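Here is the file work_35.txt (compact mmCIF, C-alpha atoms and all ligand atoms).
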```txt
# COMPACT_ATOMS: atom_id res chain seq x y z
CA MET U 1 98.45 74.89 119.85
CA LEU U 2 95.50 73.68 117.86
CA ARG U 3 92.15 75.12 118.73
CA ARG U 4 89.58 72.38 119.24
CA GLY U 5 88.51 71.34 115.78
CA HIS U 6 85.26 71.60 113.92
CA LEU U 7 84.29 72.00 110.29
CA ALA U 8 83.84 75.64 109.36
CA THR U 9 80.28 76.51 108.34
CA ASP U 10 81.31 76.97 104.68
CA GLY U 11 82.53 73.38 104.62
CA THR U 12 86.21 74.29 104.32
CA SER U 13 88.81 72.87 106.63
CA ASP U 14 89.10 74.51 110.03
CA LEU U 15 92.86 74.02 109.94
CA THR U 16 93.27 77.74 109.44
CA THR U 17 92.81 77.80 113.22
CA VAL U 18 96.22 76.18 113.65
CA THR U 19 98.49 78.81 115.05
CA HIS U 20 101.38 76.76 116.35
CA MET U 21 102.36 73.18 115.72
CA THR U 22 105.07 71.41 117.59
CA LEU U 23 106.07 67.84 118.12
CA PRO U 24 106.56 66.62 121.66
CA ALA U 25 110.21 66.00 122.53
CA VAL U 26 111.58 62.46 122.57
CA THR U 27 111.33 61.21 126.15
CA ASN U 28 112.32 58.13 128.17
CA ASP U 29 109.60 58.83 130.71
CA LEU U 30 106.41 56.84 129.98
CA GLU U 31 104.28 59.14 132.13
CA ARG U 32 105.46 62.12 130.12
CA ALA U 33 104.80 60.11 126.94
CA ALA U 34 101.22 59.32 128.02
CA HIS U 35 100.66 63.01 128.65
CA ASP U 36 102.08 63.90 125.19
CA LEU U 37 99.85 61.28 123.60
CA ALA U 38 96.75 62.85 125.14
CA GLU U 39 97.83 66.40 124.33
CA HIS U 40 99.39 66.10 120.86
CA GLY U 41 97.84 62.82 119.72
CA LEU U 42 101.29 61.27 119.60
CA CYS U 43 104.38 60.73 121.70
CA LEU U 44 108.01 59.93 120.95
CA VAL U 45 109.81 57.50 123.22
CA GLY U 46 113.57 56.98 123.12
CA GLY U 47 115.89 54.49 124.79
CA VAL U 48 113.46 51.62 124.24
CA LEU U 49 115.62 49.48 121.95
CA GLY U 50 119.21 48.54 122.68
CA ALA U 51 121.81 49.03 119.93
CA ASP U 52 121.90 45.29 119.18
CA GLU U 53 118.12 45.03 119.00
CA LEU U 54 117.90 48.01 116.66
CA ALA U 55 120.65 46.60 114.45
CA GLU U 56 118.84 43.27 114.22
CA VAL U 57 115.49 44.89 113.42
CA ARG U 58 117.10 46.97 110.68
CA ARG U 59 119.06 44.06 109.21
CA ARG U 60 116.05 41.73 109.15
CA LEU U 61 113.77 44.41 107.72
CA TYR U 62 116.03 45.12 104.76
CA ALA U 63 116.69 41.39 104.28
CA ALA U 64 112.93 40.76 104.14
CA ALA U 65 112.53 43.56 101.56
CA ASP U 66 115.34 42.04 99.47
CA ASP U 67 113.78 38.57 99.74
CA ASP U 68 110.46 40.00 98.52
CA LEU U 69 112.23 41.56 95.56
CA ALA U 70 113.97 38.29 94.71
CA SER U 71 110.79 36.23 95.03
CA GLY U 72 108.61 38.67 93.13
CA ALA U 73 106.53 39.41 96.23
CA ARG U 74 107.70 43.01 96.58
CA GLN U 75 104.80 45.44 96.77
CA PRO U 76 104.63 49.11 95.92
CA PHE U 77 104.21 51.26 98.94
CA VAL U 78 101.56 53.73 97.80
CA MET U 79 98.72 51.36 97.11
CA ASP U 80 96.73 53.87 95.08
CA ASP U 81 99.78 54.55 92.90
CA PRO U 82 101.18 51.23 91.71
CA ALA U 83 103.60 53.17 89.48
CA ASP U 84 105.46 54.34 92.60
CA ARG U 85 108.26 51.78 92.80
CA SER U 86 110.59 53.90 94.96
CA ASN U 87 108.81 53.07 98.18
CA VAL U 88 108.14 49.51 99.26
CA ARG U 89 106.02 47.74 101.82
CA VAL U 90 106.90 44.59 103.70
CA TRP U 91 103.80 42.90 105.06
CA ASN U 92 103.19 40.57 107.98
CA LEU U 93 106.47 41.08 109.78
CA LEU U 94 105.57 38.52 112.44
CA ASN U 95 106.57 35.87 109.89
CA ARG U 96 109.87 37.59 109.13
CA GLY U 97 111.72 37.34 112.44
CA TRP U 98 111.23 37.11 116.19
CA CYS U 99 112.61 40.60 116.62
CA PHE U 100 109.35 41.87 115.07
CA VAL U 101 107.25 39.74 117.41
CA ARG U 102 109.16 41.35 120.29
CA LEU U 103 108.37 44.81 118.92
CA ALA U 104 104.67 43.99 118.61
CA GLU U 105 104.46 42.98 122.28
CA HIS U 106 106.98 45.47 123.62
CA PRO U 107 105.97 46.36 127.21
CA ALA U 108 106.53 50.10 126.70
CA ALA U 109 104.26 50.13 123.65
CA LEU U 110 101.59 48.02 125.36
CA HIS U 111 101.72 50.21 128.46
CA LEU U 112 100.93 53.33 126.41
CA LEU U 113 98.33 51.52 124.28
CA ARG U 114 96.56 50.18 127.33
CA GLY U 115 96.39 53.68 128.80
CA LEU U 116 94.94 55.09 125.59
CA LEU U 117 92.63 52.29 124.43
CA GLY U 118 92.13 49.98 127.40
CA TRP U 119 92.45 46.21 127.29
CA PRO U 120 91.94 43.75 125.56
CA LEU U 121 93.43 44.98 122.30
CA GLN U 122 94.17 43.29 119.03
CA LEU U 123 97.13 43.64 116.73
CA SER U 124 95.56 44.51 113.40
CA ASN U 125 98.73 44.58 111.35
CA ILE U 126 102.48 44.98 111.58
CA SER U 127 104.17 45.96 108.34
CA ALA U 128 106.97 48.18 107.14
CA ASN U 129 107.14 51.12 104.80
CA ILE U 130 110.55 51.80 103.34
CA THR U 131 110.77 55.08 101.47
CA GLY U 132 113.35 55.36 98.74
CA PRO U 133 114.90 58.25 96.82
CA GLY U 134 112.22 59.95 94.74
CA GLY U 135 109.44 58.23 96.68
CA GLY U 136 106.24 60.22 96.94
CA ARG U 137 103.83 60.95 99.72
CA MET U 138 100.59 59.19 100.59
CA VAL U 139 97.20 60.78 100.83
CA MET U 140 96.56 62.57 104.14
CA HIS U 141 94.55 60.22 106.32
CA ALA U 142 93.82 59.07 109.85
CA ASP U 143 94.39 55.37 110.49
CA GLN U 144 90.94 54.79 112.00
CA LEU U 145 89.32 56.14 108.80
CA TYR U 146 87.26 52.96 108.34
CA MET U 147 85.60 53.26 111.73
CA PRO U 148 82.16 54.91 111.94
CA GLN U 149 82.19 58.70 112.35
CA PRO U 150 81.85 61.04 114.14
CA TRP U 151 84.44 59.69 116.51
CA SER U 152 84.30 60.34 120.19
CA GLY U 153 87.67 58.85 120.99
CA PRO U 154 90.49 56.66 119.72
CA GLN U 155 89.54 53.20 118.46
CA GLY U 156 93.08 52.30 117.50
CA ALA U 157 96.67 53.48 117.61
CA ASN U 158 99.75 53.01 115.48
CA VAL U 159 103.11 52.27 117.01
CA VAL U 160 105.84 53.44 114.67
CA TRP U 161 109.29 51.93 115.17
CA MET U 162 112.01 53.88 113.40
CA ALA U 163 114.55 51.52 111.88
CA ASP U 164 116.43 54.50 110.42
CA ASP U 165 116.66 58.13 111.45
CA PHE U 166 113.45 59.80 110.32
CA THR U 167 114.30 63.12 108.63
CA ALA U 168 112.33 65.67 106.63
CA GLU U 169 114.47 64.75 103.61
CA ASN U 170 114.12 60.96 103.69
CA GLY U 171 110.34 60.92 103.92
CA ALA U 172 109.64 61.08 107.66
CA THR U 173 105.92 60.70 108.27
CA ARG U 174 104.32 64.16 108.24
CA VAL U 175 101.78 64.71 110.99
CA VAL U 176 99.23 67.29 112.09
CA PRO U 177 99.82 67.37 115.86
CA GLY U 178 96.59 67.81 117.78
CA SER U 179 94.40 66.70 114.85
CA HIS U 180 92.93 63.89 116.99
CA ARG U 181 90.70 66.62 118.39
CA HIS U 182 88.94 67.02 115.05
CA GLN U 183 87.28 63.63 115.60
CA ARG U 184 87.01 62.97 111.87
CA THR U 185 89.04 61.77 108.95
CA PRO U 186 90.58 64.46 106.72
CA GLY U 187 88.71 65.19 103.51
CA PRO U 188 89.83 66.62 100.15
CA VAL U 189 90.03 70.17 101.52
CA ASP U 190 92.39 69.03 104.26
CA GLN U 191 95.01 67.55 101.98
CA THR U 192 97.15 70.68 102.12
CA ALA U 193 96.82 71.18 105.87
CA PRO U 194 100.12 72.23 107.48
CA THR U 195 102.15 69.29 108.74
CA VAL U 196 105.38 68.75 110.62
CA PRO U 197 107.88 65.96 109.89
CA LEU U 198 108.11 63.29 112.55
CA GLU U 199 111.87 63.67 112.89
CA ALA U 200 113.62 61.46 115.43
CA PRO U 201 116.65 59.16 115.66
CA ALA U 202 116.60 55.50 114.67
CA GLY U 203 115.28 53.33 117.49
CA THR U 204 112.63 55.86 118.52
CA MET U 205 109.12 54.54 119.11
CA CYS U 206 106.19 56.81 118.28
CA VAL U 207 102.69 56.00 119.50
CA MET U 208 100.10 57.78 117.40
CA ASP U 209 96.39 58.01 118.21
CA GLY U 210 94.33 56.51 115.34
CA ARG U 211 92.63 59.87 114.76
CA VAL U 212 95.80 61.82 113.98
CA TRP U 213 96.08 63.11 110.41
CA HIS U 214 99.29 62.16 108.67
CA HIS U 215 100.93 60.98 105.48
CA THR U 216 104.32 59.71 104.35
CA GLY U 217 106.69 62.50 103.39
CA ASP U 218 108.47 62.84 100.05
CA ASN U 219 111.91 61.26 100.00
CA VAL U 220 114.01 63.94 98.33
CA THR U 221 117.40 62.36 99.06
CA ALA U 222 119.71 61.01 96.38
CA SER U 223 120.37 57.68 98.05
CA SER U 224 118.80 57.33 101.53
CA THR U 225 116.02 55.02 102.54
CA ARG U 226 113.74 55.36 105.56
CA GLY U 227 112.62 52.14 107.17
CA GLY U 228 109.56 52.53 109.36
CA ILE U 229 107.68 49.69 111.06
CA PHE U 230 104.01 50.34 111.71
CA ALA U 231 102.16 48.20 114.22
CA TRP U 232 98.47 49.03 114.16
CA TYR U 233 96.32 47.99 117.16
CA THR U 234 92.58 48.39 117.62
CA ILE U 235 89.94 47.57 120.15
CA PRO U 236 88.81 44.04 119.26
CA ILE U 237 85.45 44.78 117.65
CA TYR U 238 86.92 45.41 114.19
CA ARG U 239 88.33 43.00 111.63
CA THR U 240 92.10 42.88 111.62
CA GLN U 241 93.89 44.26 108.58
CA GLU U 242 96.03 41.14 108.35
CA ASN U 243 94.14 37.85 108.51
CA TRP U 244 96.37 36.22 111.12
CA PHE U 245 94.46 32.92 111.08
CA LEU U 246 95.33 32.43 107.42
CA SER U 247 98.70 34.11 107.14
CA LEU U 248 100.67 33.41 110.30
CA ASP U 249 103.45 30.87 110.25
CA PRO U 250 102.19 28.09 112.62
CA LEU U 251 105.56 28.22 114.42
CA VAL U 252 104.86 31.80 115.46
CA VAL U 253 101.54 30.74 116.96
CA GLN U 254 103.06 27.70 118.69
CA GLN U 255 105.77 29.77 120.34
CA ALA U 256 103.78 32.94 120.99
CA SER U 257 103.55 34.36 124.50
CA ASP U 258 100.19 34.58 126.26
CA THR U 259 100.09 38.30 125.51
CA MET U 260 100.77 37.73 121.83
CA LEU U 261 98.07 35.04 121.64
CA GLU U 262 95.66 37.58 123.06
CA LEU U 263 96.78 40.28 120.61
CA LEU U 264 96.31 37.88 117.71
CA GLY U 265 92.87 36.61 118.74
CA TYR U 266 93.97 33.09 119.73
CA ARG U 267 92.87 34.00 123.26
CA ALA U 268 89.61 35.87 123.41
CA GLN U 269 86.98 37.33 125.70
CA GLY U 270 83.41 37.85 124.52
CA LEU U 271 84.10 37.86 120.76
CA GLY U 272 86.15 35.44 118.69
CA LEU U 273 85.20 32.42 120.78
CA VAL U 274 85.16 28.79 119.70
CA ASN U 275 82.03 26.98 120.94
CA GLY U 276 81.53 29.70 123.52
CA ARG U 277 85.05 29.55 124.92
CA SER U 278 88.41 31.19 124.39
CA PRO U 279 90.22 29.09 121.74
CA ARG U 280 93.27 28.46 123.98
O1 LIG Z 1 105.12 55.59 105.92
C1 LIG Z 1 104.65 56.51 106.56
O2 LIG Z 1 105.33 57.46 106.93
C2 LIG Z 1 103.18 56.54 106.91
C3 LIG Z 1 102.46 55.34 106.43
C4 LIG Z 1 101.00 55.37 106.67
O3 LIG Z 1 100.46 56.33 107.13
C5 LIG Z 1 100.19 54.19 106.36
O4 LIG Z 1 100.72 53.20 105.85
O5 LIG Z 1 98.97 54.23 106.61
```
What is this file in structure tokens?
Ligand SMILES: O=C(O)CCC(=O)C(=O)O
Amino acid sequence: MLRRGHLATDGTSDLTTVTHMTLPAVTNDLERAAHDLAEHGLCLVGGVLGADELAEVRRRLYAAADDDLASGARQPFVMDDPADRSNVRVWNLLNRGWCFVRLAEHPAALHLLRGLLGWPLQLSNISANITGPGGGRMVMHADQLYMPQPWSGPQGANVVWMADDFTAENGATRVVPGSHRHQRTPGPVDQTAPTVPLEAPAGTMCVMDGRVWHHTGDNVTASSTRGGIFAWYTIPIYRTQENWFLSLDPLVVQQASDTMLELLGYRAQGLGLVNGRSPR
């Protein structure tokens, strides 16, 4: 287990205090998952997607990536290394198929998010990272890195949907379980902190507290890709990463459920009003 974190007095990382790092097991039990989320900073939930749903998500994800390649819209995955062409990102998945809308408002995900962050919440972004052979890692970070520190709790959480099996070899996200307790973003001295690969079968959903330190793994396979869908939610006092009001297909807004309208800011309480009222 991690000892509760703090910066050592010499300014070096306190991650030398890590004596044992384990991932929680994949579970179908949402109560167990909520407990894992509090304890480890993340939980792994299985049995959430049916085989047909998973197949559709995977097919549409790779089709969207191919479309981006054909149209010239394909983006490198590691934004600070535009030379890395092995990994790709697919942005704004809400415009790329209803199956992604269903993921973003999946009741199991929202149940765990509500328990962690409360309600209302906003969807800040839903995009995919597909690692490819030879693809490199990202910098170690926590997703709520842009939120004022020191943190006293989670301000956001990422829901990772595994479109492929996540393995140590194909670039499974590498995490520092328990690092939410550090209440800060990792700095330069933390880049080599010990990590474990987030290994789980395709279809698994992982909810990760926004304070957890992590990075993409290296894809050392000869020919395998790793499709991961990352839906990032925050409490609604921050700007969203994706500007939904400018980028969403109007059809998605027209046909969105009440919950999705709330997640996107088209229904609002307190902030984001139009003439003092919720927009819809
Ligand atoms: O692709 C991954 O495994 C992690 C991606 C990530 O951490 C990010 O995009 O912020």
Worksheet item: Excluding same-chain residues fewer than 3 positions from U:Thr22, what lies within 10 Å of it counting only C-alpha atoms, as a ChimeraX atom specification?
Response: /U:1-2,25,40,175-178,195-197
Fill in: Selected residue, from U:Leu145, U:Leu61, U:Ala172, U:Leu112, that lies nearest to U:Arg89 when counting all atoms listed in the file
U:Leu61
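With distances restricted to all atoms listed in the file, U:Ser86 is the closest residue to U:Ser223 from U:Cys43, U:Ser179, U:Thr240, U:Ser86.
Distance check against U:Phe166 using only C-alpha atoms: of U:Ile229, U:Ala193, U:Leu113, U:Met138, the minimum falls on U:Ile229.
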Using all atoms listed in the file, I'd like a table of the residues in chain U that come within 6 Å of ligand LIG 1 (chain Z); for each, show the closest atom pair and its distance in Å rounded to one decimal, ordered by chain and ascending number, as CSV.
```
residue,atom,partner,partner_atom,distance
U:Asn129,CA,Z:LIG1,O1,5.0
U:Ala172,CA,Z:LIG1,O2,5.7
U:Thr173,CA,Z:LIG1,O2,3.6
U:His215,CA,Z:LIG1,O3,5.0
U:Thr216,CA,Z:LIG1,O2,3.6
```
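Minimum atom-to-atom distances from U:Gly171, U:Pro188, U:Gly72, U:Pro250 to U:Thr131 were compared using only C-alpha atoms, and the lowest value belongs to U:Gly171.
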Item to complete: Write out as a VMD selection string each polymer residue whose atoms come within 12 Å of U:Asp218, counting all atoms listed in the file; drop sequence neighbours fewer than 3 positions from it.
Response: chain U and resid 78 84 86 to 87 130 to 139 166 to 174 197 215 221 to 222 224 to 226
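Between U:Thr27 and the candidates U:Pro201, U:Gly118, U:Gly50, U:Pro194, the tightest atom-to-atom separation, counting all atoms listed in the file, involves U:Pro201.
Each of U:Trp213, U:Tyr62, U:Tyr238, U:Phe100 was checked against U:Gln155 using only C-alpha atoms; the smallest atom-to-atom distance is that of U:Tyr238.
The space separating atom CA of U:Leu54 from atom CA of U:Arg102 comes to 11.6 Å.
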Discussion item. What's the separation between atom CA of U:Gly276 and atom CA of U:Ser257, in Å to one decimal place?
Written reply: 22.5 Å
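The gap separating atom CA of U:Ser278 from atom CA of U:Pro120 is 13.1 Å, in Å to one decimal.
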Fill in: Near-U:Ala65 list (9 Å; all atoms listed in the file; drop same-chain fewer than 5 positions) as JSON, numbers by chain
{"U": [60, 70, 74, 88, 89, 90, 130]}
Would you output that residue set with C-alpha atoms, as a PDB file, in the coordinates of the input?
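This went into out11.pdb:
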```
ATOM      1  CA  ARG U  60     116.050  41.730 109.150  1.00  0.00           C
ATOM      2  CA  ALA U  70     113.970  38.290  94.710  1.00  0.00           C
ATOM      3  CA  ARG U  74     107.700  43.010  96.580  1.00  0.00           C
ATOM      4  CA  VAL U  88     108.140  49.510  99.260  1.00  0.00           C
ATOM      5  CA  ARG U  89     106.020  47.740 101.820  1.00  0.00           C
ATOM      6  CA  VAL U  90     106.900  44.590 103.700  1.00  0.00           C
ATOM      7  CA  ILE U 130     110.550  51.800 103.340  1.00  0.00           C
TER       8      ILE U 130
END
```
